[in-house]
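File shown: input14.pdb. Contents: PDB, C-alpha atoms.
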```pdb
ATOM      1  CA  MET A   1      87.734 108.374  93.847
ATOM      2  CA  THR A   2      87.091 110.005  97.217
ATOM      3  CA  VAL A   3      83.555 110.488  98.514
ATOM      4  CA  PHE A   4      82.706 112.756 101.429
ATOM      5  CA  SER A   5      79.697 112.251 103.668
ATOM      6  CA  ALA A   6      78.847 115.338 105.713
ATOM      7  CA  ASN A   7      77.254 115.469 109.136
ATOM      8  CA  ALA A   8      76.583 119.089 110.116
ATOM      9  CA  GLN A   9      79.965 120.669 109.305
ATOM     10  CA  ILE A  10      82.158 117.597 109.767
ATOM     11  CA  ALA A  11      83.017 115.579 106.646
ATOM     12  CA  THR A  12      84.176 111.971 106.830
ATOM     13  CA  GLU A  13      86.316 110.601 104.042
ATOM     14  CA  ASN A  14      85.316 107.328 102.407
ATOM     15  CA  SER A  15      88.272 106.419 100.222
ATOM     16  CA  ASN A  16      88.813 103.871  97.476
ATOM     17  CA  GLY A  17      87.683 100.240  97.521
ATOM     18  CA  LEU A  18      90.916  98.899  99.007
ATOM     19  CA  ASP A  19      90.889 101.238 102.012
ATOM     20  CA  ASN A  20      89.653 100.373 105.513
ATOM     21  CA  VAL A  21      90.238  96.649 105.034
ATOM     22  CA  TYR A  22      91.352  94.428 107.907
ATOM     23  CA  VAL A  23      92.372  90.804 108.458
ATOM     24  CA  GLY A  24      92.648  88.781 111.621
ATOM     25  CA  VAL A  25      92.589  85.478 113.450
ATOM     26  CA  THR A  26      90.082  84.248 115.996
ATOM     27  CA  ALA A  27      89.848  81.439 118.534
ATOM     28  CA  GLY A  28      87.471  80.373 121.275
ATOM     29  CA  ALA A  29      85.036  77.704 122.353
ATOM     30  CA  SER A  30      81.323  76.983 122.202
ATOM     31  CA  THR A  31      78.797  74.820 123.988
ATOM     32  CA  PRO A  32      75.151  73.920 123.278
ATOM     33  CA  LEU A  33      72.883  76.884 123.994
ATOM     34  CA  ASP A  34      70.414  74.709 125.927
ATOM     35  CA  PHE A  35      73.276  73.955 128.361
ATOM     36  CA  ASN A  36      72.102  70.354 128.766
ATOM     37  CA  SER A  37      75.618  69.109 128.028
ATOM     38  CA  VAL A  38      78.051  71.940 128.635
ATOM     39  CA  PHE A  39      81.231  69.828 128.616
ATOM     40  CA  PRO A  40      83.292  69.062 126.748
ATOM     41  CA  VAL A  41      83.234  72.451 125.045
ATOM     42  CA  ASN A  42      83.854  72.754 121.310
ATOM     43  CA  PRO A  43      87.120  74.602 120.570
ATOM     44  CA  ALA A  44      87.089  76.638 117.373
ATOM     45  CA  VAL A  45      89.740  78.528 115.390
ATOM     46  CA  GLY A  46      89.437  80.644 112.298
ATOM     47  CA  VAL A  47      90.217  83.731 110.257
ATOM     48  CA  LYS A  48      88.269  86.845 109.413
ATOM     49  CA  ILE A  49      88.458  89.486 106.687
ATOM     50  CA  GLY A  50      86.456  92.700 106.797
ATOM     51  CA  LYS A  51      85.931  96.122 105.297
ATOM     52  CA  GLU A  52      84.478  99.241 106.880
ATOM     53  CA  PHE A  53      82.348 101.270 104.465
ATOM     54  CA  THR A  54      81.722 104.075 106.959
ATOM     55  CA  PRO A  55      82.719 104.642 110.595
ATOM     56  CA  ILE A  56      79.353 103.069 111.479
ATOM     57  CA  PHE A  57      78.859 100.160 109.068
ATOM     58  CA  GLY A  58      81.030  97.418 107.587
ATOM     59  CA  PHE A  59      80.925  93.774 106.660
ATOM     60  CA  GLU A  60      82.996  90.782 107.745
ATOM     61  CA  VAL A  61      83.646  87.278 106.449
ATOM     62  CA  GLU A  62      84.528  84.733 109.142
ATOM     63  CA  GLY A  63      85.634  81.150 108.615
ATOM     64  CA  LEU A  64      85.638  78.784 111.616
ATOM     65  CA  ALA A  65      86.804  75.213 112.126
ATOM     66  CA  VAL A  66      85.121  73.399 115.063
ATOM     67  CA  LEU A  67      87.426  70.884 116.792
ATOM     68  CA  ASN A  68      85.075  68.927 119.065
ATOM     69  CA  ASP A  69      81.756  67.139 118.659
ATOM     70  CA  ASN A  70      79.523  68.147 121.575
ATOM     71  CA  HIS A  71      76.122  68.481 119.945
ATOM     72  CA  PHE A  72      77.678  68.100 116.517
ATOM     73  CA  THR A  73      78.507  64.556 115.366
ATOM     74  CA  ASP A  74      80.601  61.512 116.256
ATOM     75  CA  LEU A  75      83.198  62.053 113.487
ATOM     76  CA  LYS A  76      86.727  60.884 114.259
ATOM     77  CA  THR A  77      88.408  63.669 112.265
ATOM     78  CA  THR A  78      90.114  66.570 114.050
ATOM     79  CA  VAL A  79      87.858  69.113 112.390
ATOM     80  CA  LYS A  80      84.260  68.165 113.105
ATOM     81  CA  ALA A  81      82.563  71.019 111.258
ATOM     82  CA  THR A  82      83.241  74.297 109.470
ATOM     83  CA  ASN A  83      81.166  77.436 109.379
ATOM     84  CA  LEU A  84      81.529  80.263 106.839
ATOM     85  CA  ASN A  85      79.680  83.368 107.916
ATOM     86  CA  VAL A  86      79.111  86.803 106.330
ATOM     87  CA  SER A  87      78.120  89.469 108.854
ATOM     88  CA  GLY A  88      77.148  93.085 108.972
ATOM     89  CA  VAL A  89      79.037  95.014 111.652
ATOM     90  CA  PHE A  90      77.502  98.120 113.259
ATOM     91  CA  ASN A  91      79.620 100.385 115.460
ATOM     92  CA  LEU A  92      77.280 101.359 118.286
ATOM     93  CA  SER A  93      79.883 103.670 119.855
ATOM     94  CA  ASN A  94      79.980 105.822 116.733
ATOM     95  CA  VAL A  95      76.201 105.652 116.306
ATOM     96  CA  PHE A  96      75.538 107.132 119.752
ATOM     97  CA  PHE A  97      78.636 109.259 120.384
ATOM     98  CA  GLY A  98      79.885 110.199 116.912
ATOM     99  CA  TYR A  99      83.172 109.511 115.166
ATOM    100  CA  GLU A 100      86.133 111.511 116.491
ATOM    101  CA  GLY A 101      88.551 111.169 113.569
ATOM    102  CA  ARG A 102      90.016 107.894 114.788
ATOM    103  CA  PRO A 103      88.637 104.904 116.744
ATOM    104  CA  ARG A 104      88.226 105.113 120.487
ATOM    105  CA  VAL A 105      90.329 102.874 122.686
ATOM    106  CA  PHE A 106      87.180 100.896 123.548
ATOM    107  CA  GLU A 107      84.203 100.371 121.236
ATOM    108  CA  VAL A 108      81.096  98.220 121.140
ATOM    109  CA  LYS A 109      79.799  96.741 117.879
ATOM    110  CA  THR A 110      77.071  94.328 116.836
ATOM    111  CA  ASN A 111      78.044  91.438 114.572
ATOM    112  CA  THR A 112      75.149  89.656 112.857
ATOM    113  CA  GLY A 113      75.004  87.589 109.704
ATOM    114  CA  ILE A 114      74.181  84.461 107.763
ATOM    115  CA  GLY A 115      76.374  81.471 106.979
ATOM    116  CA  TRP A 116      76.869  77.912 105.802
ATOM    117  CA  LEU A 117      77.585  75.084 108.292
ATOM    118  CA  TYR A 118      79.182  71.915 106.929
ATOM    119  CA  TYR A 119      79.757  68.580 108.733
ATOM    120  CA  TRP A 120      82.923  66.846 107.499
ATOM    121  CA  LYS A 121      82.850  63.396 105.932
ATOM    122  CA  THR A 122      79.069  63.488 105.703
ATOM    123  CA  ASN A 123      76.737  64.968 103.177
ATOM    124  CA  LYS A 124      75.132  67.173 105.788
ATOM    125  CA  SER A 125      75.212  70.934 105.497
ATOM    126  CA  ALA A 126      72.965  73.528 107.025
ATOM    127  CA  LEU A 127      72.067  77.179 106.874
ATOM    128  CA  SER A 128      73.543  78.982 109.867
ATOM    129  CA  SER A 129      73.374  82.383 111.461
ATOM    130  CA  LYS A 130      75.438  84.400 113.911
ATOM    131  CA  THR A 131      74.381  87.043 116.410
ATOM    132  CA  GLY A 132      77.086  88.554 118.565
ATOM    133  CA  VAL A 133      78.482  91.623 120.279
ATOM    134  CA  ASP A 134      82.086  92.735 119.690
ATOM    135  CA  PHE A 135      83.872  94.390 122.609
ATOM    136  CA  VAL A 136      86.757  96.044 120.783
ATOM    137  CA  PHE A 137      90.020  97.297 122.299
ATOM    138  CA  ASN A 138      91.941  99.421 119.748
ATOM    139  CA  ILE A 139      95.623  99.628 120.539
ATOM    140  CA  GLY A 140      98.731 101.261 119.085
ATOM    141  CA  LYS A 141      99.564 104.900 118.374
ATOM    142  CA  GLN A 142      97.496 104.881 115.183
ATOM    143  CA  ARG A 143      94.932 102.304 116.400
ATOM    144  CA  ALA A 144      96.148  99.887 113.733
ATOM    145  CA  HIS A 145      95.593  96.818 115.949
ATOM    146  CA  SER A 146      92.460  95.575 117.658
ATOM    147  CA  ILE A 147      91.784  92.913 120.278
ATOM    148  CA  ILE A 148      88.146  91.793 120.226
ATOM    149  CA  VAL A 149      86.167  89.726 122.723
ATOM    150  CA  THR A 150      82.928  88.403 121.226
ATOM    151  CA  PRO A 151      80.149  86.515 123.006
ATOM    152  CA  ALA A 152      77.980  85.130 120.191
ATOM    153  CA  ILE A 153      75.328  82.583 119.324
ATOM    154  CA  TYR A 154      75.763  80.419 116.237
ATOM    155  CA  TRP A 155      72.388  79.093 115.083
ATOM    156  CA  ASN A 156      71.866  75.921 113.063
ATOM    157  CA  LEU A 157      68.759  76.985 111.176
ATOM    158  CA  ASN A 158      67.862  73.705 109.485
ATOM    159  CA  LYS A 159      69.474  70.863 111.351
ATOM    160  CA  LEU A 160      66.383  68.832 110.579
ATOM    161  CA  THR A 161      64.156  69.056 107.522
ATOM    162  CA  ASN A 162      62.367  72.255 108.440
ATOM    163  CA  LEU A 163      63.793  75.701 109.118
ATOM    164  CA  GLU A 164      64.232  76.124 112.862
ATOM    165  CA  PHE A 165      65.442  78.956 115.054
ATOM    166  CA  ASN A 166      65.700  77.819 118.670
ATOM    167  CA  LYS A 167      68.194  77.131 121.426
ATOM    168  CA  HIS A 168      68.162  73.359 120.842
ATOM    169  CA  ASN A 169      70.006  73.791 117.553
ATOM    170  CA  ALA A 170      72.413  76.535 118.584
ATOM    171  CA  GLN A 171      75.813  76.978 120.187
ATOM    172  CA  PHE A 172      76.836  79.735 122.601
ATOM    173  CA  ALA A 173      80.440  80.797 121.870
ATOM    174  CA  LEU A 174      82.994  83.053 123.460
ATOM    175  CA  MET A 175      85.645  84.122 120.931
ATOM    176  CA  ALA A 176      88.780  86.267 121.113
ATOM    177  CA  SER A 177      90.234  87.841 117.970
ATOM    178  CA  TYR A 178      93.187  89.893 116.817
ATOM    179  CA  ILE A 179      92.848  92.025 113.687
ATOM    180  CA  TYR A 180      95.137  94.388 111.809
ATOM    181  CA  HIS A 181      93.800  97.413 109.928
ATOM    182  CA  PHE A 182      95.752  98.051 106.743
ATOM    183  CA  LYS A 183      97.053 101.551 106.052
ATOM    184  CA  THR A 184      94.715 103.616 103.885
ATOM    185  CA  SER A 185      95.376 106.077 101.069
ATOM    186  CA  ASN A 186      94.900 109.010 103.470
ATOM    187  CA  GLY A 187      97.989 107.957 105.440
ATOM    188  CA  THR A 188      96.147 106.593 108.486
ATOM    189  CA  HIS A 189      94.645 103.187 109.276
ATOM    190  CA  HIS A 190      91.068 104.456 109.505
ATOM    191  CA  PHE A 191      88.685 107.108 108.221
ATOM    192  CA  LYS A 192      89.771 110.734 108.303
ATOM    193  CA  THR A 193      87.481 113.631 109.205
ATOM    194  CA  TYR A 194      87.598 117.257 108.098
ATOM    195  CA  ASP A 195      86.056 120.248 109.844
ATOM    196  CA  ILE A 196      84.337 121.894 106.873
ATOM    197  CA  GLY A 197      83.084 124.752 109.046
ATOM    198  CA  ALA A 198      86.585 125.671 110.223
ATOM    199  CA  MET A 199      87.996 125.373 106.698
ATOM    200  CA  THR A 200      85.243 127.642 105.324
ATOM    201  CA  ASP A 201      85.853 130.209 108.076
ATOM    202  CA  GLU A 202      89.573 130.266 107.279
ATOM    203  CA  ILE A 203      88.934 130.721 103.545
ATOM    204  CA  ASN A 204      86.539 133.598 104.273
ATOM    205  CA  ARG A 205      89.071 135.216 106.609
ATOM    206  CA  LEU A 206      91.806 135.073 103.980
ATOM    207  CA  ASN A 207      89.456 136.481 101.349
ATOM    208  CA  ASP A 208      88.570 139.375 103.668
ATOM    209  CA  GLU A 209      92.242 140.163 104.277
ATOM    210  CA  LEU A 210      92.947 140.052 100.556
ATOM    211  CA  ALA A 211      90.046 142.395  99.822
ATOM    212  CA  LYS A 212      91.385 144.963 102.303
ATOM    213  CA  LYS A 213      94.802 145.168 100.673
ATOM    214  CA  PRO A 214      95.342 148.048  98.195
ATOM    215  CA  LYS A 215      95.785 147.161  94.578
ATOM    216  CA  GLU A 216      99.458 147.538  93.726
ATOM    217  CA  VAL A 217     101.392 147.427  90.522
ATOM    218  CA  VAL A 218     104.904 146.155  91.089
ATOM    219  CA  VAL A 219     107.571 147.032  88.544
ATOM    220  CA  GLU A 220     110.842 145.204  88.925
ATOM    221  CA  LYS A 221     113.996 146.998  87.898
ATOM    222  CA  VAL A 222     116.996 144.745  87.544
ATOM    223  CA  VAL A 223     120.385 146.313  88.172
ATOM    224  CA  ASN A 224     123.456 144.223  87.472
ATOM    225  CA  VAL A 225     126.147 144.990  90.017
ATOM    226  CA  PRO A 226     129.554 143.340  89.614
ATOM    227  CA  VAL A 227     130.483 141.025  92.431
ATOM    228  CA  LYS A 228     133.962 141.579  93.748
ATOM    229  CA  LEU A 229     135.679 138.618  95.344
ATOM    230  CA  ASP A 230     138.530 138.713  97.772
ATOM    231  CA  GLU A 231     141.452 137.335  95.769
ATOM    232  CA  ARG A 232     143.402 136.471  98.910
ATOM    233  CA  ALA A 233     140.494 134.388 100.217
ATOM    234  CA  THR A 234     139.870 132.515  96.984
ATOM    235  CA  GLY A 235     143.441 131.783  96.022
ATOM    236  CA  PHE A 236     142.810 133.033  92.445
ATOM    237  CA  GLY A 237     144.540 135.946  90.778
ATOM    238  CA  VAL A 238     142.075 137.196  88.131
ATOM    239  CA  ASN A 239     138.295 137.059  87.881
ATOM    240  CA  GLU A 240     135.689 138.206  85.356
ATOM    241  CA  THR A 241     131.923 138.555  85.777
ATOM    242  CA  ILE A 242     129.601 137.240  83.061
ATOM    243  CA  TYR A 243     126.031 138.569  83.098
ATOM    244  CA  PHE A 244     122.930 136.638  81.983
ATOM    245  CA  ALA A 245     119.413 137.719  81.073
ATOM    246  CA  TYR A 246     116.481 136.760  83.276
ATOM    247  CA  ASP A 247     115.826 132.974  83.238
ATOM    248  CA  SER A 248     118.514 132.451  80.560
ATOM    249  CA  ASP A 249     121.764 130.561  80.191
ATOM    250  CA  LYS A 250     122.641 132.086  76.781
ATOM    251  CA  LEU A 251     125.870 134.030  76.331
ATOM    252  CA  ASP A 252     125.197 137.397  74.684
ATOM    253  CA  ALA A 253     127.724 139.439  72.700
ATOM    254  CA  ARG A 254     128.908 141.264  75.801
ATOM    255  CA  ALA A 255     129.561 137.997  77.634
ATOM    256  CA  LYS A 256     131.475 136.504  74.721
ATOM    257  CA  GLU A 257     133.543 139.690  74.400
ATOM    258  CA  THR A 258     134.508 139.394  78.072
ATOM    259  CA  LEU A 259     135.458 135.721  77.690
ATOM    260  CA  ASP A 260     137.491 136.423  74.564
ATOM    261  CA  LYS A 261     139.776 138.613  76.663
ATOM    262  CA  LEU A 262     140.807 135.658  78.791
ATOM    263  CA  GLY A 263     143.924 133.725  77.802
ATOM    264  CA  GLU A 264     143.357 130.647  75.701
ATOM    265  CA  ASN A 265     145.920 128.608  77.633
ATOM    266  CA  GLY A 266     144.677 129.436  81.120
ATOM    267  CA  VAL A 267     143.110 127.155  83.690
ATOM    268  CA  TYR A 268     139.808 128.488  85.012
ATOM    269  CA  ALA A 269     137.246 127.859  87.694
ATOM    270  CA  ILE A 270     133.614 128.896  87.159
ATOM    271  CA  ASP A 271     130.995 129.635  89.828
ATOM    272  CA  ALA A 272     127.516 130.517  88.563
ATOM    273  CA  TYR A 273     124.437 131.854  90.350
ATOM    274  CA  ALA A 274     120.757 132.698  89.858
ATOM    275  CA  SER A 275     118.488 135.416  91.185
ATOM    276  CA  SER A 276     115.863 134.701  93.806
ATOM    277  CA  GLU A 277     112.834 134.227  91.525
ATOM    278  CA  GLY A 278     111.620 130.647  91.190
ATOM    279  CA  SER A 279     112.085 127.589  93.363
ATOM    280  CA  THR A 280     115.364 126.548  94.964
ATOM    281  CA  GLU A 281     115.549 123.425  92.815
ATOM    282  CA  TYR A 282     114.956 125.357  89.574
ATOM    283  CA  ASN A 283     117.529 128.058  90.430
ATOM    284  CA  LEU A 284     120.120 125.410  91.210
ATOM    285  CA  LYS A 285     119.615 123.830  87.789
ATOM    286  CA  LEU A 286     119.606 127.240  86.041
ATOM    287  CA  SER A 287     122.876 128.281  87.673
ATOM    288  CA  GLN A 288     124.462 124.979  86.637
ATOM    289  CA  ARG A 289     123.373 125.536  83.027
ATOM    290  CA  ARG A 290     125.036 128.952  83.136
ATOM    291  CA  ALA A 291     128.249 127.450  84.482
ATOM    292  CA  ASP A 292     128.192 124.796  81.750
ATOM    293  CA  ALA A 293     127.596 127.443  79.049
ATOM    294  CA  VAL A 294     130.692 129.395  80.116
ATOM    295  CA  LYS A 295     132.736 126.209  80.357
ATOM    296  CA  THR A 296     131.743 125.104  76.842
ATOM    297  CA  TYR A 297     132.688 128.477  75.391
ATOM    298  CA  LEU A 298     136.103 128.592  77.098
ATOM    299  CA  GLU A 299     136.951 125.014  76.174
ATOM    300  CA  GLY A 300     135.983 125.828  72.593
ATOM    301  CA  ARG A 301     138.721 128.453  72.609
ATOM    302  CA  GLY A 302     141.295 125.985  73.912
ATOM    303  CA  ALA A 303     141.256 126.921  77.581
ATOM    304  CA  ARG A 304     141.015 124.317  80.355
ATOM    305  CA  VAL A 305     138.253 124.514  82.965
ATOM    306  CA  ASP A 306     139.138 123.011  86.310
ATOM    307  CA  SER A 307     135.590 123.258  87.743
ATOM    308  CA  ALA A 308     132.183 124.618  86.727
ATOM    309  CA  ILE A 309     129.653 124.724  89.572
ATOM    310  CA  GLY A 310     126.170 126.201  89.822
ATOM    311  CA  HIS A 311     125.373 127.360  93.344
ATOM    312  CA  GLY A 312     121.756 128.485  92.968
ATOM    313  CA  VAL A 313     120.730 131.724  94.669
ATOM    314  CA  GLN A 314     123.409 133.601  96.576
ATOM    315  CA  PHE A 315     123.662 137.281  95.753
ATOM    316  CA  GLY A 316     120.006 138.332  95.676
ATOM    317  CA  THR A 317     117.656 139.526  92.950
ATOM    318  CA  THR A 318     119.829 142.313  91.513
ATOM    319  CA  THR A 319     123.167 140.540  91.450
ATOM    320  CA  GLY A 320     122.392 136.853  91.135
ATOM    321  CA  ARG A 321     122.297 136.349  87.347
ATOM    322  CA  VAL A 322     126.052 135.975  86.963
ATOM    323  CA  ALA A 323     128.917 133.569  86.475
ATOM    324  CA  ILE A 324     132.316 134.332  88.007
ATOM    325  CA  VAL A 325     135.307 133.133  85.976
ATOM    326  CA  ARG A 326     138.542 132.911  87.915
ATOM    327  CA  LEU A 327     142.039 132.262  86.599
ATOM    328  CA  LYS A 328     144.322 130.140  88.703
TER     329      LYS A 328
END
```
For the file at hand, write its structure as structure tokens.
Amino acid sequence: MTVFSANAQIATENSNGLDNVYVGVTAGASTPLDFNSVFPVNPAVGVKIGKEFTPIFGFEVEGLAVLNDNHFTDLKTTVKATNLNVSGVFNLSNVFFGYEGRPRVFEVKTNTGIGWLYYWKTNKSALSSKTGVDFVFNIGKQRAHSIIVTPAIYWNLNKLTNLEFNKHNAQFALMASYIYHFKTSNGTHHFKTYDIGAMTDEINRLNDELAKKPKEVVVEKVVNVPVKLDERATGFGVNETIYFAYDSDKLDARAKETLDKLGENGVYAIDAYASSEGSTEYNLKLSQRRADAVKTYLEGRGARVDSAIGHGVQFGTTTGRVAIVRLK
């Protein structure tokens, strides 16, 4: 189901639940926010999955593995701690400057959320939080790829017994990420916009033009004109023209009378056509049915048909409903 949110006369498409999803990888390093012991820094790697609900708001799940123990713990494992964070992402560029139908090359977003910090090989876990700013560089012809630089603070909210929110229990991190935006159902990798005002103006213009046209009654008169082929060009000696009714492949009495005049032991080639009404694909199929109808009738009389081909439209509205039967 497609939902449209309108701003003035510009509508932005919010497509189905699987659209505007992205995945990516991230890496960087952090250090205690109080900067009392900056080195060694804590390297971190992780993955992120997100979805944009509108060009302004989305959410993101980020999983990080911390590889050092500055201000963490004295564990001997490679991974010292993990942090799983769920964030809300706000696109400040689109908030202040509007969405232009596809992302800008450079955008600024806020990235803030809540998470769960776990220290490996201990029973310690803590409520965590993230506050950061995403500096986004969208690249590629369709902006399907993004490189993101994120300075952020990861807060350990209850390192001790009580809930705390201060620099002594926090890490300042600088992260770099790559994400890929999956292709959406609208054929792009992002939201699509529609100029409702321009579309309405065009509809009104067409309605005005239609109203100005005089009312006409068109009567079609079909005249069947035999098609004469150049015998020297075709290499055949005798030909007969079989006429069909509009949108029909049935042989009437006149057609059967014409075919009965042909020799029963002859070898024939059949080329059938259709008039210009209808689509090209339909006329091609109709002309083939006409060729097959003539072939079936001749073979039923004992004649041999070397080829039976439907060519679609060729001779125009008044002469197209025919099959040409040629004797080798």
Restricting the calculation to all atoms listed in the file: of A:Gly302, A:Gly320, A:Gly115, A:Gly17, which residue gets closest to Thr241 of chain A?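 Among A:Gly302, A:Gly320, A:Gly115, A:Gly17, it is A:Gly320 that comes nearest to Thr241 of chain A.
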The PyMOL selection byres ((chain A and resi 47-51) around 12) resolved against shown file, as a short mmCIF file (atom, residue, chain, number, x, y, z; two decimals) with C-alpha atoms, in the coordinates of the input:
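selection28.cif written:
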```cif
data_model
loop_
_atom_site.label_atom_id
_atom_site.label_comp_id
_atom_site.auth_asym_id
_atom_site.auth_seq_id
_atom_site.Cartn_x
_atom_site.Cartn_y
_atom_site.Cartn_z
CA ASN A 14 85.32 107.33 102.41
CA SER A 15 88.27 106.42 100.22
CA ASN A 16 88.81 103.87 97.48
CA GLY A 17 87.68 100.24 97.52
CA LEU A 18 90.92 98.90 99.01
CA ASP A 19 90.89 101.24 102.01
CA ASN A 20 89.65 100.37 105.51
CA VAL A 21 90.24 96.65 105.03
CA TYR A 22 91.35 94.43 107.91
CA VAL A 23 92.37 90.80 108.46
CA GLY A 24 92.65 88.78 111.62
CA VAL A 25 92.59 85.48 113.45
CA THR A 26 90.08 84.25 116.00
CA ALA A 27 89.85 81.44 118.53
CA GLY A 28 87.47 80.37 121.28
CA ALA A 44 87.09 76.64 117.37
CA VAL A 45 89.74 78.53 115.39
CA GLY A 46 89.44 80.64 112.30
CA GLU A 52 84.48 99.24 106.88
CA PHE A 53 82.35 101.27 104.46
CA THR A 54 81.72 104.08 106.96
CA PRO A 55 82.72 104.64 110.60
CA ILE A 56 79.35 103.07 111.48
CA PHE A 57 78.86 100.16 109.07
CA GLY A 58 81.03 97.42 107.59
CA PHE A 59 80.92 93.77 106.66
CA GLU A 60 83.00 90.78 107.74
CA VAL A 61 83.65 87.28 106.45
CA GLU A 62 84.53 84.73 109.14
CA GLY A 63 85.63 81.15 108.62
CA LEU A 64 85.64 78.78 111.62
CA ALA A 65 86.80 75.21 112.13
CA THR A 82 83.24 74.30 109.47
CA ASN A 83 81.17 77.44 109.38
CA LEU A 84 81.53 80.26 106.84
CA ASN A 85 79.68 83.37 107.92
CA VAL A 86 79.11 86.80 106.33
CA SER A 87 78.12 89.47 108.85
CA GLY A 88 77.15 93.08 108.97
CA VAL A 89 79.04 95.01 111.65
CA PHE A 90 77.50 98.12 113.26
CA ASN A 111 78.04 91.44 114.57
CA ILE A 148 88.15 91.79 120.23
CA MET A 175 85.64 84.12 120.93
CA ALA A 176 88.78 86.27 121.11
CA SER A 177 90.23 87.84 117.97
CA TYR A 178 93.19 89.89 116.82
CA ILE A 179 92.85 92.02 113.69
CA TYR A 180 95.14 94.39 111.81
CA HIS A 181 93.80 97.41 109.93
CA PHE A 182 95.75 98.05 106.74
CA THR A 184 94.72 103.62 103.88
CA HIS A 189 94.64 103.19 109.28
CA HIS A 190 91.07 104.46 109.50
CA PHE A 191 88.68 107.11 108.22
#
```
Please return as JSON, numbers by chain every residue within 12 Å of (132.9, 137.0, 79.7), taking into account all atoms listed in the file and the file's own coordinates. {"A": [239, 240, 241, 242, 243, 244, 250, 251, 252, 253, 254, 255, 256, 257, 258, 259, 260, 261, 262, 263, 270, 290, 291, 293, 294, 295, 297, 298, 322, 323, 324, 325, 326]}
Residue by residue, what does the PyMOL selection byres ((chain A and resi 305) around 6) grab here? Present the result as a compact mmCIF listing (two decimals) with C-alpha atoms, in the frame of the given file.
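Full text of expr37.txt as output:
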```txt
# COMPACT_ATOMS: atom_id res chain seq x y z
CA VAL A 267 143.11 127.16 83.69
CA TYR A 268 139.81 128.49 85.01
CA ALA A 269 137.25 127.86 87.69
CA ARG A 304 141.01 124.32 80.36
CA ASP A 306 139.14 123.01 86.31
CA SER A 307 135.59 123.26 87.74
```
I need the residue set behind the PyMOL selection byres ((chain A and resi 153) around 12) for this file; please write it as a count of residues only. 34
Residues near Gln288 of chain A, cut-off 9 Å, all atoms listed in the file, skip fewer than 2 positions along chain, as number ranges by chain: A: 249, 271-273, 283-286, 290-293, 308-312
Using 3 Å of padding on each side, determine the axis-aligned box around all atoms of segment 13-28 of chain A present in the file and give its centre and edge lengths in Å to one decimal, as JSON.
```
{"center_x": 89.0, "center_y": 95.5, "center_z": 109.4, "size_x": 13.3, "size_y": 36.2, "size_z": 29.8}
```
Please identify all polymer residues within 12 Å of Arg102 of chain A, counting only C-alpha atoms, omitting same-chain residues fewer than 3 positions from it, and present them as an MDAnalysis selection string. chainID A and resid 12:13 20 55 94 98:99 105:107 138:144 188:194
Counting only C-alpha atoms, which of A:Thr200, A:Asn207, A:Thr280, A:Thr296 gets nearest to Gln314 of chain A?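 Smallest separation from Gln314 of chain A among the options: A:Thr280.
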